[in-house]
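*Asks:* File target.cif below, mmCIF, C-alpha atoms:
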data_data
loop_
_atom_site.label_atom_id
_atom_site.label_comp_id
_atom_site.auth_asym_id
_atom_site.auth_seq_id
_atom_site.Cartn_x
_atom_site.Cartn_y
_atom_site.Cartn_z
CA MET J 88 -17.03 -40.69 64.65
CA LYS J 89 -14.21 -38.40 63.40
CA ILE J 90 -11.96 -41.44 62.87
CA ILE J 91 -14.61 -43.13 60.71
CA ILE J 92 -15.15 -39.98 58.64
CA LEU J 93 -11.41 -39.37 58.21
CA THR J 94 -10.86 -43.00 57.22
CA MET J 95 -13.67 -42.68 54.69
CA LEU J 96 -12.17 -39.46 53.32
CA ALA J 97 -8.72 -41.02 53.06
CA LEU J 98 -10.14 -43.96 51.10
CA ILE J 99 -12.01 -41.62 48.76
CA VAL J 100 -8.96 -39.44 48.15
CA ALA J 101 -6.23 -42.11 47.94
CA GLY J 102 -5.14 -42.71 44.38
CA CYS J 103 -7.89 -40.64 42.75
CA GLY J 104 -5.98 -37.46 41.92
CA ALA J 105 -4.97 -36.71 38.37
CA PRO J 106 -2.15 -34.40 37.36
CA LEU J 107 -3.08 -30.96 36.11
CA LYS J 108 -1.45 -31.25 32.69
CA LYS J 109 -1.73 -34.97 31.81
CA ALA J 110 -3.93 -37.73 33.18
CA THR J 111 -1.32 -40.43 32.53
CA ALA J 112 1.40 -39.51 35.06
CA PRO J 113 0.65 -40.65 38.63
CA ARG J 114 0.55 -38.05 41.37
CA GLN J 115 0.61 -38.24 45.12
CA PRO J 116 -2.92 -37.84 46.51
CA VAL J 117 -3.55 -34.92 48.83
CA VAL J 118 -5.42 -36.07 51.92
CA LEU J 119 -7.75 -33.89 53.93
CA THR J 120 -6.07 -33.82 57.33
CA GLN J 121 -7.61 -33.87 60.79
CA ARG J 122 -6.57 -30.22 61.12
CA ALA J 123 -8.47 -29.32 57.97
CA PHE J 124 -11.52 -31.26 59.06
CA ASP J 125 -11.43 -29.49 62.44
CA GLU J 126 -11.39 -26.12 60.63
CA ILE J 127 -14.80 -26.85 59.15
CA ALA J 128 -16.83 -25.24 61.90
CA SER J 129 -20.44 -25.38 60.79
CA ALA J 130 -22.40 -28.53 60.11
CA ARG J 131 -23.46 -27.06 56.77
CA ALA J 132 -19.85 -26.45 55.73
CA ARG J 133 -18.94 -30.02 56.77
CA GLU J 134 -21.79 -31.37 54.66
CA LEU J 135 -20.59 -29.28 51.73
CA ALA J 136 -17.02 -30.58 52.13
CA LEU J 137 -18.13 -34.22 52.31
CA HIS J 138 -20.34 -33.75 49.27
CA ALA J 139 -17.47 -32.14 47.34
CA LEU J 140 -15.06 -34.94 48.31
CA SER J 141 -17.51 -37.58 47.10
CA HIS J 142 -16.87 -36.36 43.54
CA ILE J 143 -13.13 -36.95 43.53
CA GLY J 144 -12.24 -38.96 40.45
CA VAL J 145 -15.15 -37.70 38.30
CA PRO J 146 -13.75 -36.87 34.86
CA TYR J 147 -13.33 -33.28 33.68
CA ARG J 148 -15.69 -32.31 30.89
CA TYR J 149 -15.89 -28.83 29.40
CA GLY J 150 -19.40 -27.55 30.12
CA GLY J 151 -20.01 -30.49 32.45
CA THR J 152 -22.45 -30.03 35.30
CA SER J 153 -23.02 -33.47 36.80
CA PRO J 154 -21.15 -36.48 38.16
CA THR J 155 -22.76 -38.59 35.43
CA ASN J 156 -21.46 -36.47 32.55
CA GLY J 157 -18.40 -34.94 34.22
CA PHE J 158 -17.62 -31.48 35.53
CA ASP J 159 -15.78 -28.39 34.50
CA CYS J 160 -14.59 -26.18 37.37
CA SER J 161 -17.65 -23.94 37.66
CA GLY J 162 -20.01 -26.87 37.04
CA LEU J 163 -18.49 -28.69 40.01
CA VAL J 164 -18.85 -25.63 42.27
CA GLN J 165 -22.43 -25.01 41.16
CA TYR J 166 -23.41 -28.68 41.63
CA VAL J 167 -21.74 -29.10 45.02
CA TYR J 168 -23.26 -25.94 46.46
CA HIS J 169 -26.71 -26.83 45.14
CA GLN J 170 -26.67 -30.45 46.27
CA GLY J 171 -24.58 -30.07 49.43
CA ALA J 172 -25.85 -26.76 50.78
CA GLY J 173 -29.03 -25.94 48.86
CA VAL J 174 -27.44 -22.78 47.43
CA ALA J 175 -28.04 -21.80 43.79
CA LEU J 176 -24.96 -20.26 42.18
CA PRO J 177 -24.20 -18.79 38.73
CA ARG J 178 -22.79 -21.14 36.09
CA ASN J 179 -19.49 -19.51 35.05
CA THR J 180 -16.36 -18.34 36.88
CA GLN J 181 -16.79 -14.67 36.01
CA ALA J 182 -20.29 -14.62 37.53
CA LEU J 183 -19.11 -16.69 40.52
CA SER J 184 -16.37 -14.13 41.17
CA ALA J 185 -19.06 -11.59 42.04
CA VAL J 186 -21.12 -13.64 44.53
CA GLY J 187 -20.67 -13.47 48.28
CA ALA J 188 -18.12 -11.22 49.90
CA PRO J 189 -14.40 -10.89 49.11
CA VAL J 190 -12.18 -12.69 51.61
CA ALA J 191 -9.72 -10.22 53.09
CA ASP J 192 -8.38 -12.43 55.88
CA THR J 193 -7.89 -16.16 56.44
CA LEU J 194 -9.65 -18.59 54.12
CA GLN J 195 -12.40 -20.72 55.62
CA PRO J 196 -13.77 -24.05 54.38
CA GLY J 197 -16.44 -23.45 51.78
CA ASP J 198 -14.81 -20.30 50.36
CA LEU J 199 -14.60 -20.13 46.59
CA VAL J 200 -10.99 -19.76 45.46
CA PHE J 201 -10.15 -18.22 42.08
CA PHE J 202 -7.14 -18.54 39.82
CA ASP J 203 -5.83 -17.07 36.57
CA THR J 204 -5.12 -20.20 34.53
CA LEU J 205 -5.82 -18.79 31.06
CA ARG J 206 -4.05 -15.42 31.30
CA LYS J 207 -7.44 -14.10 32.35
CA PRO J 208 -8.40 -13.27 35.95
CA TYR J 209 -10.99 -15.55 37.52
CA SER J 210 -10.68 -18.17 34.79
CA HIS J 211 -10.65 -21.09 37.26
CA VAL J 212 -12.52 -21.79 40.52
CA GLY J 213 -12.44 -24.37 43.29
CA ILE J 214 -13.79 -24.87 46.80
CA TYR J 215 -11.44 -24.35 49.73
CA LEU J 216 -11.61 -27.22 52.25
CA GLY J 217 -9.08 -26.11 54.88
CA ASP J 218 -5.39 -26.68 55.62
CA GLN J 219 -4.44 -24.95 52.32
CA ARG J 220 -6.32 -27.53 50.22
CA PHE J 221 -9.05 -27.04 47.65
CA ILE J 222 -11.08 -29.28 45.38
CA HIS J 223 -11.55 -28.54 41.70
CA ALA J 224 -12.12 -29.99 38.24
CA PRO J 225 -8.76 -29.26 36.56
CA THR J 226 -8.61 -29.62 32.78
CA THR J 227 -9.35 -31.87 29.82
CA GLY J 228 -8.03 -35.35 30.56
CA GLY J 229 -8.07 -34.69 34.30
CA TYR J 230 -10.37 -35.62 37.14
CA VAL J 231 -11.90 -33.82 40.10
CA GLU J 232 -9.09 -33.67 42.65
CA LEU J 233 -7.97 -32.22 45.95
CA VAL J 234 -4.81 -30.12 45.67
CA ASP J 235 -2.55 -28.03 47.87
CA MET J 236 -2.66 -24.26 47.31
CA ARG J 237 0.97 -24.02 48.43
CA GLU J 238 2.08 -25.63 45.16
CA ARG J 239 3.97 -23.04 43.12
CA TYR J 240 1.54 -23.36 40.21
CA TRP J 241 -1.46 -22.35 42.34
CA GLN J 242 0.37 -19.73 44.40
CA SER J 243 1.42 -17.85 41.28
CA ARG J 244 -2.10 -17.85 39.83
CA PHE J 245 -4.25 -17.12 42.90
CA ASN J 246 -6.72 -14.24 42.26
CA GLY J 247 -8.58 -14.20 45.55
CA ALA J 248 -11.55 -15.77 47.26
CA ARG J 249 -15.23 -15.14 47.93
CA ARG J 250 -17.17 -16.20 51.00
CA LEU J 251 -20.78 -17.27 50.86
CA ASP J 252 -22.96 -17.27 53.93
CA LEU J 253 -23.25 -20.92 54.98
#
Rewrite the coordinates I just gave you, this time as structure tokens.

*Replies:*
Amino acid sequence: MKIIILTMLALIVAGCGAPLKKATAPRQPVVLTQRAFDEIASARARELALHALSHIGVPYRYGGTSPTNGFDCSGLVQYVYHQGAGVALPRNTQALSAVGAPVADTLQPGDLVFFDTLRKPYSHVGIYLGDQRFIHAPTTGGYVELVDMRERYWQSRFNGARRLDL
């Protein structure tokens, strides 16, 4: 079963990522590894991760809240948590930064991860999926993508994480 799911995830992820700054330059896809999938302990967190991954390639749209119209970062988080886990969340990153509990230790799949991308704390949000990878809706011209938090860009802008009770 794991092999089928991982194969499915690899097919979803392969070739769908868009670069952060421009949508025209190709970028190596980041694949959710077996290790990351194994980190997703609860069935509810696995469902959330699979639901999030199903939106890879959906275009970014400022104010977007659906796969039909596109997503901005907080719209993606709100939609995925509502559809994938039945959890209603606030609509913007500032409000999202106050839900759940701050993560003081190791990140877990399903944690909300926050970044300062506009010279303003908590201006960007994504969903941590394990193995230092998170999914997010990047910027105008981009697409929902899975990226590695170890990239210098993300490391230098990381603001922290919040954990919701899944």

*Asks:* Might you pull out every residue within 8 Å of Ala248 in chain J, with all atoms listed in the file counted and same-chain residues fewer than 3 positions away left off, and present them as a count of residues only?

*Replies:* 8

*Asks:* Which neighbours of Glu238 in chain J fall inside 12 Å, counting only C-alpha atoms, when residues of the same chain fewer than 2 positions from it are skipped, and could you give them as number ranges by chain?

*Replies:* J: 107, 117, 219-221, 234-236, 240-245

*Asks:* Need the axis-aligned box for range 229-245 of chain J with 8 Å each side, so what are the centre and edges in Å to one decimal, as lines of an AutoDock Vina configuration file?

*Replies:*
center_x = -4.0
center_y = -26.4
center_z = 41.4
size_x = 31.9
size_y = 34.5
size_z = 30.1

*Asks:* Do you have the CA of Pro146 in chain J-CA of Ala175 in chain J distance handy?

*Replies:*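 CA of Ala175 in chain J lies 22.6 Å from CA of Pro146 in chain J.
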
*Asks:* Have a look at J:Gly197, J:Gly173, J:Gly228, J:Gly213 and name the one nearest to Arg148 in chain J; count all atoms listed in the file.

*Replies:*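 Of all the options, J:Gly228 lies closest to Arg148 in chain J.
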
*Asks:* Calculated over all atoms listed in the file, which of the candidates J:Ala139, J:Arg249, J:Ser153, J:Arg133 has the smallest distance to Ile222 in chain J?

*Replies:*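 Closest candidate: J:Ala139.
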
*Asks:* Give me the residues within 10 Å of Val212 in chain J as a count of residues only, counting all atoms listed in the file and dropping any in the same chain fewer than 2 places off.

*Replies:* 30

*Asks:* Could you state the separation of CA of Leu176 in chain J and CA of Leu135 in chain J in Å, given to one decimal place?

*Replies:*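 Those two atoms sit 13.8 Å apart.
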
*Asks:* Could you work out how far CA of Pro196 in chain J lies from CA of His142 in chain J, giving the answer in Å with one decimal?

*Replies:* 16.7 Å

*Asks:* When you count all atoms listed in the file, which of these residues is closest to Gly151 in chain J: J:Asp252, J:Thr193, J:Gln165, J:Lys207?

*Replies:*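 Between J:Asp252, J:Thr193, J:Gln165, J:Lys207, the residue approaching Gly151 in chain J most closely is J:Gln165.
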
*Asks:* For a quick check of understanding, using all atoms listed in the file, which of J:Ala172, J:Ala188, J:Val231, J:Ala132 has the smallest distance to Tyr147 in chain J?

*Replies:*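 Comparing J:Ala172, J:Ala188, J:Val231, J:Ala132 against Tyr147 in chain J, the winner is J:Val231.
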
*Asks:* Under the rule that all atoms listed in the file are counted, which of J:Leu137, J:Ala185, J:Val174, J:Leu233 is the nearest residue to Asp218 in chain J?

*Replies:* J:Leu233
